[in-house]
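K.L.:
So here's coords18.cif (mmCIF, C-alpha atoms).
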```cif
data_start
loop_
_atom_site.label_atom_id
_atom_site.label_comp_id
_atom_site.auth_asym_id
_atom_site.auth_seq_id
_atom_site.Cartn_x
_atom_site.Cartn_y
_atom_site.Cartn_z
CA MET U 1 108.44 -111.21 67.43
CA ALA U 2 109.42 -109.51 64.17
CA ASN U 3 110.12 -111.62 61.06
CA SER U 4 113.49 -109.86 60.91
CA ASP U 5 114.78 -111.84 63.95
CA HIS U 6 118.09 -113.49 63.19
CA ILE U 7 118.55 -116.64 65.22
CA VAL U 8 121.59 -118.91 65.10
CA LEU U 9 122.04 -122.04 67.19
CA LEU U 10 125.56 -123.31 67.81
CA ASP U 11 124.79 -126.99 68.02
CA TYR U 12 126.03 -130.58 68.19
CA SER U 13 123.42 -132.97 66.84
CA VAL U 14 123.51 -135.64 69.55
CA SER U 15 124.01 -133.30 72.51
CA PRO U 16 120.99 -133.67 74.79
CA PHE U 17 121.49 -130.08 75.97
CA ALA U 18 121.41 -128.69 72.43
CA MET U 19 118.36 -130.88 71.75
CA ARG U 20 116.49 -129.06 74.52
CA VAL U 21 116.94 -125.79 72.65
CA ARG U 22 115.88 -127.32 69.32
CA LEU U 23 112.74 -128.69 71.02
CA ALA U 24 111.88 -125.28 72.48
CA LEU U 25 112.42 -123.53 69.14
CA ALA U 26 110.28 -126.16 67.38
CA ALA U 27 107.52 -125.87 70.02
CA LYS U 28 107.39 -122.12 69.36
CA GLY U 29 107.58 -122.51 65.56
CA ILE U 30 110.72 -120.37 65.31
CA LYS U 31 112.98 -120.45 62.24
CA TYR U 32 116.72 -120.50 62.89
CA LEU U 33 120.08 -121.36 61.40
CA ILE U 34 122.09 -124.29 62.78
CA LYS U 35 125.87 -124.14 62.96
CA GLU U 36 127.13 -127.59 63.84
CA GLU U 37 130.22 -127.87 66.06
CA ASP U 38 132.35 -131.00 66.09
CA LEU U 39 133.23 -131.44 69.77
CA THR U 40 135.95 -134.00 68.99
CA GLN U 41 137.82 -131.33 67.01
CA SER U 42 138.90 -127.83 68.02
CA LYS U 43 136.11 -125.38 68.72
CA SER U 44 135.14 -122.70 66.18
CA SER U 45 136.15 -119.09 66.72
CA LEU U 46 132.43 -118.18 66.74
CA LEU U 47 131.76 -120.54 69.66
CA LEU U 48 134.77 -119.27 71.61
CA LYS U 49 133.61 -115.68 71.04
CA ALA U 50 129.92 -116.39 71.83
CA ASN U 51 130.66 -118.45 74.96
CA PRO U 52 134.08 -117.39 76.23
CA VAL U 53 133.27 -118.50 79.80
CA HIS U 54 132.38 -122.17 79.30
CA LYS U 55 133.28 -122.61 75.58
CA LYS U 56 130.35 -125.04 75.24
CA ILE U 57 127.30 -125.62 73.09
CA PRO U 58 124.44 -124.93 72.93
CA VAL U 59 124.62 -121.20 72.38
CA LEU U 60 121.64 -119.30 70.99
CA ILE U 61 122.64 -116.13 69.18
CA HIS U 62 119.58 -113.88 68.89
CA ASN U 63 120.15 -110.79 66.76
CA GLY U 64 123.86 -111.01 67.53
CA LYS U 65 123.47 -111.48 71.30
CA PRO U 66 124.53 -114.85 72.75
CA VAL U 67 122.57 -116.75 75.39
CA CYS U 68 124.27 -119.76 77.01
CA GLU U 69 123.32 -122.76 79.19
CA SER U 70 120.47 -124.91 77.85
CA LEU U 71 117.82 -124.32 80.54
CA ILE U 72 118.55 -120.59 80.60
CA ILE U 73 118.16 -120.54 76.80
CA VAL U 74 114.82 -122.43 76.99
CA GLU U 75 113.53 -119.96 79.60
CA TYR U 76 114.74 -117.05 77.43
CA ILE U 77 112.91 -118.46 74.39
CA ASP U 78 109.76 -118.85 76.50
CA GLU U 79 109.98 -115.24 77.70
CA VAL U 80 110.75 -113.64 74.33
CA TRP U 81 108.14 -115.62 72.35
CA LYS U 82 105.52 -115.50 75.09
CA ASP U 83 102.66 -115.09 72.63
CA ARG U 84 102.54 -118.83 71.85
CA CYS U 85 102.85 -122.27 73.42
CA LEU U 86 104.00 -121.28 76.91
CA LEU U 87 106.50 -123.79 78.27
CA LEU U 88 106.62 -122.67 81.90
CA PRO U 89 103.36 -122.52 83.86
CA ALA U 90 101.91 -119.12 84.76
CA ASP U 91 101.64 -119.97 88.47
CA PRO U 92 104.89 -119.12 90.36
CA TYR U 93 104.73 -122.26 92.55
CA GLN U 94 104.30 -124.57 89.53
CA ARG U 95 107.14 -122.68 87.79
CA ALA U 96 109.40 -123.25 90.78
CA LYS U 97 108.53 -126.96 90.78
CA ALA U 98 109.29 -127.32 87.05
CA LYS U 99 112.65 -125.56 87.53
CA PHE U 100 113.44 -127.70 90.59
CA TRP U 101 113.01 -130.95 88.67
CA ALA U 102 114.90 -129.65 85.62
CA ASP U 103 117.72 -128.67 87.99
CA PHE U 104 117.48 -132.19 89.53
CA ILE U 105 118.00 -133.73 86.07
CA ASP U 106 121.15 -131.65 85.58
CA LYS U 107 122.63 -131.99 89.08
CA MET U 108 121.64 -135.54 89.93
CA VAL U 109 120.66 -137.57 86.84
CA TYR U 110 123.28 -136.58 84.24
CA PRO U 111 126.28 -137.21 86.53
CA SER U 112 125.03 -140.75 87.13
CA CYS U 113 124.58 -141.25 83.37
CA TYR U 114 128.30 -140.85 82.80
CA LYS U 115 129.01 -143.80 85.11
CA VAL U 116 126.53 -145.92 83.15
CA TRP U 117 128.06 -145.42 79.68
CA ALA U 118 131.71 -144.62 80.44
CA ALA U 119 132.60 -146.77 83.46
CA ASN U 120 133.03 -150.50 84.03
CA GLY U 121 132.70 -153.03 86.83
CA GLU U 122 131.64 -151.88 90.26
CA VAL U 123 131.61 -148.18 89.35
CA GLN U 124 129.21 -148.89 86.49
CA GLU U 125 126.98 -151.07 88.67
CA ALA U 126 126.78 -148.37 91.32
CA GLY U 127 126.07 -145.83 88.57
CA LYS U 128 123.20 -147.93 87.20
CA LYS U 129 121.54 -148.20 90.61
CA GLU U 130 122.00 -144.49 91.25
CA PHE U 131 120.60 -143.62 87.79
CA ILE U 132 117.49 -145.80 88.24
CA ASP U 133 116.83 -144.48 91.77
CA ARG U 134 117.00 -140.92 90.50
CA ILE U 135 114.84 -141.29 87.39
CA LYS U 136 112.26 -143.12 89.51
CA MET U 137 112.00 -139.95 91.62
CA LEU U 138 111.45 -137.99 88.42
CA GLU U 139 108.87 -140.51 87.17
CA GLY U 140 106.85 -139.79 90.34
CA GLU U 141 106.28 -136.24 89.08
CA LEU U 142 104.39 -137.49 86.00
CA LYS U 143 101.52 -138.65 88.24
CA SER U 144 98.65 -139.56 85.88
CA ASN U 145 99.47 -136.94 83.24
CA PRO U 146 100.73 -137.69 79.75
CA TYR U 147 103.42 -134.99 80.13
CA PHE U 148 105.24 -133.31 83.00
CA GLY U 149 103.57 -130.13 81.73
CA GLY U 150 100.13 -131.75 82.18
CA GLU U 151 98.15 -132.19 78.96
CA THR U 152 100.82 -130.50 76.83
CA LEU U 153 104.61 -130.48 76.56
CA GLY U 154 106.23 -128.07 79.02
CA PHE U 155 109.58 -126.88 80.35
CA LEU U 156 110.31 -130.07 82.30
CA ASP U 157 109.39 -132.30 79.34
CA ILE U 158 111.88 -130.33 77.22
CA ALA U 159 114.50 -130.68 79.97
CA PHE U 160 113.92 -134.46 80.16
CA LEU U 161 113.14 -135.67 76.61
CA PRO U 162 116.69 -135.53 75.17
CA LEU U 163 117.81 -137.76 78.04
CA TYR U 164 115.20 -140.31 76.94
CA ASN U 165 116.93 -140.34 73.55
CA TRP U 166 119.99 -141.80 75.30
CA PHE U 167 118.12 -144.63 77.06
CA HIS U 168 118.99 -147.15 74.32
CA THR U 169 122.68 -146.19 74.68
CA PHE U 170 122.62 -146.57 78.48
CA GLU U 171 120.79 -149.92 78.23
CA THR U 172 123.30 -151.24 75.69
CA PHE U 173 126.42 -150.11 77.57
CA GLY U 174 124.93 -151.00 80.95
CA LYS U 175 123.17 -154.21 79.88
CA PHE U 176 119.93 -153.44 81.66
CA SER U 177 116.36 -152.41 80.87
CA ILE U 178 115.21 -148.96 81.89
CA GLU U 179 111.67 -149.72 80.71
CA ALA U 180 111.38 -152.58 83.20
CA GLU U 181 112.22 -150.15 86.02
CA CYS U 182 110.41 -147.03 84.79
CA PRO U 183 107.62 -147.98 82.39
CA LYS U 184 105.87 -144.59 82.54
CA LEU U 185 108.98 -142.63 81.58
CA SER U 186 109.78 -145.10 78.81
CA SER U 187 106.39 -144.61 77.20
CA CYS U 188 107.41 -141.10 76.07
CA THR U 189 107.43 -140.65 72.31
CA SER U 190 110.82 -141.60 70.92
CA LEU U 191 112.94 -138.85 69.44
CA PRO U 192 114.82 -139.50 66.19
CA HIS U 193 118.00 -141.56 66.00
CA PRO U 194 118.58 -143.21 69.41
CA HIS U 195 120.84 -145.74 67.63
CA LYS U 196 122.80 -142.87 66.15
CA VAL U 197 123.49 -141.70 69.71
CA TYR U 198 124.86 -145.15 70.61
CA ASP U 199 127.10 -145.34 67.52
CA LEU U 200 128.49 -141.90 68.24
CA LEU U 201 129.25 -142.78 71.88
CA VAL U 202 131.13 -145.94 70.83
CA ASP U 203 133.24 -143.81 68.53
CA TYR U 204 133.71 -141.07 71.16
CA LYS U 205 134.88 -143.59 73.78
CA LYS U 206 137.49 -144.96 71.36
CA LYS U 207 138.77 -141.46 70.49
CA MET U 208 138.93 -140.32 74.12
CA GLY U 209 140.37 -143.58 75.43
CA ILE U 210 137.52 -144.13 77.90
CA MET N 1 94.50 -113.75 103.89
CA ALA N 2 97.95 -113.10 105.36
CA ASP N 3 100.79 -115.09 103.86
CA GLU N 4 102.48 -117.63 106.09
CA ILE N 5 106.19 -117.82 105.27
CA ILE N 6 108.59 -120.19 107.03
CA LEU N 7 112.26 -120.51 106.19
CA LEU N 8 114.14 -123.70 107.12
CA ASP N 9 117.76 -122.65 107.28
CA PHE N 10 121.19 -122.96 108.91
CA TRP N 11 122.74 -119.68 109.99
CA PRO N 12 126.20 -119.92 108.26
CA SER N 13 124.76 -121.18 104.98
CA MET N 14 125.54 -118.82 102.12
CA PHE N 15 122.61 -120.35 100.23
CA GLY N 16 120.20 -119.74 103.09
CA MET N 17 121.49 -116.18 103.33
CA ARG N 18 120.47 -115.54 99.73
CA VAL N 19 116.86 -116.30 100.64
CA ARG N 20 117.01 -114.18 103.81
CA LEU N 21 118.39 -111.30 101.76
CA ALA N 22 115.67 -111.59 99.12
CA LEU N 23 112.96 -111.69 101.80
CA ALA N 24 114.50 -108.63 103.49
CA GLU N 25 114.75 -106.72 100.20
CA LYS N 26 111.04 -107.36 99.67
CA GLY N 27 110.23 -106.37 103.27
CA LEU N 28 108.58 -109.71 104.01
CA LYS N 29 107.88 -111.06 107.49
CA TYR N 30 108.65 -114.72 107.99
CA GLU N 31 109.34 -117.33 110.62
CA TYR N 32 112.96 -118.44 110.69
CA ARG N 33 113.59 -122.02 111.83
CA GLU N 34 117.15 -123.08 112.47
CA GLU N 35 117.99 -126.64 111.41
CA ASP N 36 120.56 -128.87 113.02
CA LEU N 37 122.15 -130.39 109.91
CA TRP N 38 123.41 -133.36 111.93
CA ASN N 39 119.91 -134.06 113.19
CA LYS N 40 117.50 -132.94 110.49
CA SER N 41 113.93 -132.21 111.51
CA PRO N 42 110.98 -134.29 110.26
CA LEU N 43 109.65 -131.08 108.69
CA LEU N 44 112.82 -130.61 106.60
CA LEU N 45 112.77 -134.25 105.48
CA GLU N 46 109.09 -133.90 104.56
CA MET N 47 109.50 -130.58 102.75
CA ASN N 48 112.68 -131.52 100.85
CA PRO N 49 112.63 -135.31 100.54
CA VAL N 50 114.80 -135.23 97.39
CA HIS N 51 117.88 -133.36 98.64
CA LYS N 52 117.11 -133.12 102.40
CA LYS N 53 118.88 -129.74 102.43
CA ILE N 54 118.30 -126.18 103.52
CA PRO N 55 117.21 -123.62 102.56
CA VAL N 56 113.54 -124.49 102.10
CA LEU N 57 110.91 -121.77 101.87
CA ILE N 58 107.46 -122.90 102.95
CA HIS N 59 104.85 -120.49 101.60
CA ASN N 60 101.32 -121.18 102.82
CA GLY N 61 102.30 -124.81 103.40
CA LYS N 62 103.95 -125.34 100.01
CA PRO N 63 107.71 -125.96 99.91
CA ILE N 64 110.15 -124.40 97.45
CA CYS N 65 113.74 -125.68 97.37
CA GLU N 66 117.12 -124.65 95.90
CA SER N 67 118.28 -121.14 96.78
CA LEU N 68 118.26 -119.50 93.34
CA ILE N 69 114.87 -121.05 92.51
CA ILE N 70 113.53 -119.73 95.85
CA VAL N 71 114.90 -116.22 95.14
CA GLN N 72 113.24 -116.20 91.70
CA TYR N 73 109.98 -117.44 93.25
CA ILE N 74 110.07 -114.63 95.81
CA ASP N 75 110.75 -112.14 93.01
CA GLU N 76 107.76 -113.42 90.99
CA VAL N 77 105.24 -113.66 93.83
CA TRP N 78 106.12 -110.28 95.37
CA CYS N 79 106.71 -108.59 92.04
CA ASP N 80 105.30 -105.24 93.17
CA LYS N 81 108.40 -104.25 95.13
CA SER N 82 112.19 -104.18 94.68
CA PRO N 83 112.51 -106.32 91.55
CA LEU N 84 115.60 -108.51 91.66
CA LEU N 85 115.59 -109.72 88.06
CA PRO N 86 115.53 -107.18 85.21
CA SER N 87 112.41 -106.96 83.04
CA ASP N 88 114.29 -107.43 79.73
CA PRO N 89 114.53 -111.14 78.77
CA TYR N 90 118.16 -110.88 77.56
CA GLN N 91 119.25 -109.13 80.79
CA ARG N 92 117.36 -111.77 82.77
CA ALA N 93 119.19 -114.54 80.90
CA GLN N 94 122.52 -112.81 81.63
CA ALA N 95 121.71 -112.54 85.36
CA ARG N 96 120.67 -116.22 85.50
CA PHE N 97 123.86 -117.20 83.63
CA TRP N 98 126.15 -115.44 86.12
CA ALA N 99 124.24 -116.75 89.15
CA ASP N 100 124.56 -120.26 87.67
CA TYR N 101 128.30 -119.62 87.10
CA ILE N 102 128.72 -118.61 90.76
CA ASP N 103 127.18 -121.93 91.79
CA LYS N 104 129.10 -124.09 89.30
CA LYS N 105 132.53 -122.47 89.63
CA SER N 106 133.89 -120.94 92.82
CA ALA N 107 132.51 -117.59 93.89
CA LEU N 108 136.10 -116.42 94.30
CA SER N 109 136.80 -116.79 90.58
CA PHE N 110 133.73 -114.64 89.83
CA TRP N 111 135.15 -111.88 91.97
CA LYS N 112 137.84 -111.27 89.43
CA GLU N 113 135.16 -110.15 86.92
CA SER N 114 135.15 -106.43 86.33
CA LEU N 115 132.26 -104.41 87.69
CA GLU N 116 131.36 -101.27 85.74
CA LYS N 117 128.24 -100.18 87.67
CA PRO N 118 127.60 -99.84 91.43
CA TYR N 119 125.96 -103.29 91.54
CA PHE N 120 125.81 -106.31 89.24
CA GLY N 121 122.12 -105.44 88.91
CA GLY N 122 123.06 -101.98 87.63
CA GLU N 123 122.12 -98.97 89.74
CA LYS N 124 120.22 -101.15 92.20
CA ILE N 125 120.87 -104.49 93.90
CA GLY N 126 119.76 -107.39 91.72
CA PHE N 127 119.68 -111.17 91.31
CA VAL N 128 123.43 -111.63 90.82
CA ASP N 129 124.20 -109.36 93.82
CA VAL N 130 121.88 -111.50 95.98
CA ALA N 131 123.50 -114.69 94.61
CA LEU N 132 127.01 -113.48 95.43
CA VAL N 133 127.05 -111.09 98.40
CA THR N 134 126.31 -113.75 100.98
CA PHE N 135 129.71 -115.30 100.22
CA SER N 136 131.28 -112.14 101.66
CA CYS N 137 130.32 -113.39 105.16
CA TRP N 138 133.00 -116.01 104.64
CA PHE N 139 135.80 -113.59 103.67
CA TYR N 140 137.38 -113.63 107.11
CA ALA N 141 137.44 -117.45 107.11
CA TYR N 142 138.95 -117.62 103.58
CA GLU N 143 141.60 -115.01 104.39
CA THR N 144 142.55 -116.72 107.64
CA PHE N 145 142.70 -120.25 106.24
CA GLY N 146 144.26 -119.12 102.94
CA ASN N 147 146.62 -116.56 104.44
CA PHE N 148 145.89 -113.89 101.82
CA SER N 149 144.06 -110.61 101.49
CA ILE N 150 140.97 -110.54 99.30
CA GLU N 151 141.04 -106.74 99.16
CA ALA N 152 144.57 -106.86 97.70
CA GLU N 153 143.42 -109.35 95.04
CA CYS N 154 140.01 -107.87 94.19
CA PRO N 155 139.69 -104.27 95.42
CA LYS N 156 136.67 -103.48 93.18
CA LEU N 157 134.75 -106.38 94.68
CA ILE N 158 135.50 -105.35 98.24
CA ALA N 159 134.21 -101.89 97.32
CA TRP N 160 131.06 -103.55 95.93
CA THR N 161 130.63 -105.58 99.15
CA LYS N 162 130.86 -102.40 101.22
CA ARG N 163 128.21 -100.78 98.99
CA CYS N 164 125.93 -103.78 99.52
CA MET N 165 126.48 -103.52 103.27
CA GLU N 166 125.11 -99.96 103.13
CA ARG N 167 121.75 -101.47 102.33
CA ARG N 168 119.62 -102.08 105.41
CA ALA N 169 118.73 -105.67 104.39
CA CYS N 170 122.41 -106.65 104.05
CA ARG N 171 123.42 -104.88 107.29
CA LEU N 172 120.73 -106.72 109.26
CA LEU N 173 121.84 -110.01 107.77
CA TRP N 174 125.48 -109.28 108.61
CA LYS N 175 124.55 -108.31 112.21
CA ILE N 176 122.57 -111.54 112.72
CA HIS N 177 125.35 -113.59 111.10
CA THR N 178 128.16 -112.16 113.23
CA ARG N 179 126.06 -112.47 116.40
CA SER N 180 125.30 -116.11 115.55
CA MET N 181 128.99 -116.72 114.88
CA ALA N 182 129.93 -115.25 118.27
CA LEU N 183 127.31 -117.38 120.04
CA SER N 184 128.47 -120.52 118.27
CA TRP N 185 132.16 -120.06 118.79
CA GLY N 186 131.91 -118.49 122.28
#
```
Would you mind giving the structure from this file in structure tokens?

P.N.:
Amino acid sequence: MANSDHIVLLDYSVSPFAMRVRLALAAKGIKYLIKEEDLTQSKSSLLLKANPVHKKIPVLIHNGKPVCESLIIVEYIDEVWKDRCLLLPADPYQRAKAKFWADFIDKMVYPSCYKVWAANGEVQEAGKKEFIDRIKMLEGELKSNPYFGGETLGFLDIAFLPLYNWFHTFETFGKFSIEAECPKLSSCTSLPHPHKVYDLLVDYKKKMGI
Amino acid sequence: MADEIILLDFWPSMFGMRVRLALAEKGLKYEYREEDLWNKSPLLLEMNPVHKKIPVLIHNGKPICESLIIVQYIDEVWCDKSPLLPSDPYQRAQARFWADYIDKKSALSFWKESLEKPYFGGEKIGFVDVALVTFSCWFYAYETFGNFSIEAECPKLIAWTKRCMERRACRLLWKIHTRSMALSWG
């Protein structure tokens, strides 16, 4: 792509969805400008204009045109900057599998996460069991490879890795060890600031009365 | 070697219909297998052990699950005919966004969106049209249960549905659907 590309990411530093986009941009070596949103305050006019439908981050604004929804943004980045570090496999069946498991993370794993960090008592216990059962299914996809993408980081690794950054938070709120249950997933390289995620969630729960 | 394509499906499923429509648009022959969702087959449980749901496309023995992922797979494998997704990455992202919106929010709320061209795919049927048109099979049920007229609320979208029904693939699907409905309800 031309050096004149103007890329802005509407972001929130601890959002795992925004982190997916930052990982994809970093994997491709793309320079961009970050505009941080504070989701505990009112949303900026730029965010409301760029994503009028969902009013959520992340939003990638590429040469003035907004792209929304984290996995759609990652796929867009992969298609536009297809000359380097391909994230999705070339084979259509492998692509479909990567998308299936990324979709599984969003539909099945994240909803159970909320019960782990935000709920108490029986609801939290049920959430913990559900969360472990589901990430064990995902762990099965690693097989004997270092990454979901095989020998290198791929689309599914990018979809999953930000969630790993929240493991310390889930373990602390839920008082359990994810590593004991899923050692292969827990051996992923740690992303920066997992403790920062926990501190932010403690603060967020207080503000939102959860 | 000829492709073997099997579709595990349930006739009223709007999600299954998306796959049938995509296969029809591409002119693909396949074996349709009806599932009893109250007594799921061992094949379905083997092919989709995670969600245990239809539709599942089995292409030369390999299963693909989740309707929009299946439609994109069909579009990529049989890319020589009737493309469903646009070639431009930004337009592709827009189509994926709206298909995702249809799944996350209700299809009915999407119908209030304005439609400038004959189809959401532009001059030809595309990914978003495939994602949405199958919901039109349920209009009669919505109108009856909800006691309202969809045409009165969203005339442009009814006009779009009628345009889609002019396409052979959609007409065939509609004929099979209404015949199945009649057989089921007697």

K.L.:
Do me a favour and pick out the residues of chain U within 7 Å of chain N, using only C-alpha atoms, as a PyMOL selection string.

P.N.:
chain U and resi 67+72+76+79-80+92+96

K.L.:
Selected residues, C-alpha atoms, written as a tab-separated table (two decimals), in the coordinates of the input, please.

P.N.:
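Resulting contents of result.tsv:
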```tsv
chain	number	residue	atom	x	y	z
U	67	VAL	CA	122.57	-116.75	75.39
U	72	ILE	CA	118.55	-120.59	80.60
U	76	TYR	CA	114.74	-117.05	77.43
U	79	GLU	CA	109.98	-115.24	77.70
U	80	VAL	CA	110.75	-113.64	74.33
U	92	PRO	CA	104.89	-119.12	90.36
U	96	ALA	CA	109.40	-123.25	90.78
```

K.L.:
Please write the residues picked by the PyMOL selection byres ((chain U and resi 112-116) around 8) on this file as a PyMOL selection string.

P.N.:
chain U and resi 108-111+117-120+123-125+127-128+130-131+170+173-174

K.L.:
Selection from above, C-alpha atoms, as a JSON list (two decimals), in the frame of the given file, can you write it?

P.N.:
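Listed below is the output, out19.json:
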```
[["chain", "number", "residue", "atom", "x", "y", "z"],
["U", 108, "MET", "CA", 121.64, -135.54, 89.93],
["U", 109, "VAL", "CA", 120.66, -137.57, 86.84],
["U", 110, "TYR", "CA", 123.28, -136.58, 84.24],
["U", 111, "PRO", "CA", 126.28, -137.21, 86.53],
["U", 117, "TRP", "CA", 128.06, -145.42, 79.68],
["U", 118, "ALA", "CA", 131.71, -144.62, 80.44],
["U", 119, "ALA", "CA", 132.60, -146.77, 83.46],
["U", 120, "ASN", "CA", 133.03, -150.50, 84.03],
["U", 123, "VAL", "CA", 131.61, -148.18, 89.35],
["U", 124, "GLN", "CA", 129.21, -148.89, 86.49],
["U", 125, "GLU", "CA", 126.98, -151.07, 88.67],
["U", 127, "GLY", "CA", 126.07, -145.83, 88.57],
["U", 128, "LYS", "CA", 123.20, -147.93, 87.20],
["U", 130, "GLU", "CA", 122.00, -144.49, 91.25],
["U", 131, "PHE", "CA", 120.60, -143.62, 87.79],
["U", 170, "PHE", "CA", 122.62, -146.57, 78.48],
["U", 173, "PHE", "CA", 126.42, -150.11, 77.57],
["U", 174, "GLY", "CA", 124.93, -151.00, 80.95]]
```

K.L.:
What does the PyMOL selection byres ((chain N and resi 167) around 12) select in this file, as a PyMOL selection string?

P.N.:
chain N and resi 21+24-25+119+124-125+129-130+133+160-166+168-174

K.L.:
Give me the residues within 12 Å of Glu179 (chain U) as a VMD selection string, counting all atoms listed in the file and dropping any in the same chain fewer than 2 places off.

P.N.:
chain U and resid 132 135 to 136 139 164 167 to 168 170 to 171 176 to 177 181 to 188

K.L.:
Can you report as JSON the centre and edge lengths in Å, to one decimal, of an axis-aligned box around the listed atoms of region 127-135 of chain N padded with 4 Å on each side?

P.N.:
```
{"center_x": 124.7, "center_y": -112.3, "center_z": 95.9, "size_x": 18.0, "size_y": 13.9, "size_z": 18.2}
```

K.L.:
Give me, please, the distance in Å between CA of Leu60 (chain U) and CA of Val21 (chain U), quoted to one decimal.

P.N.:
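A separation of 8.2 Å between them.
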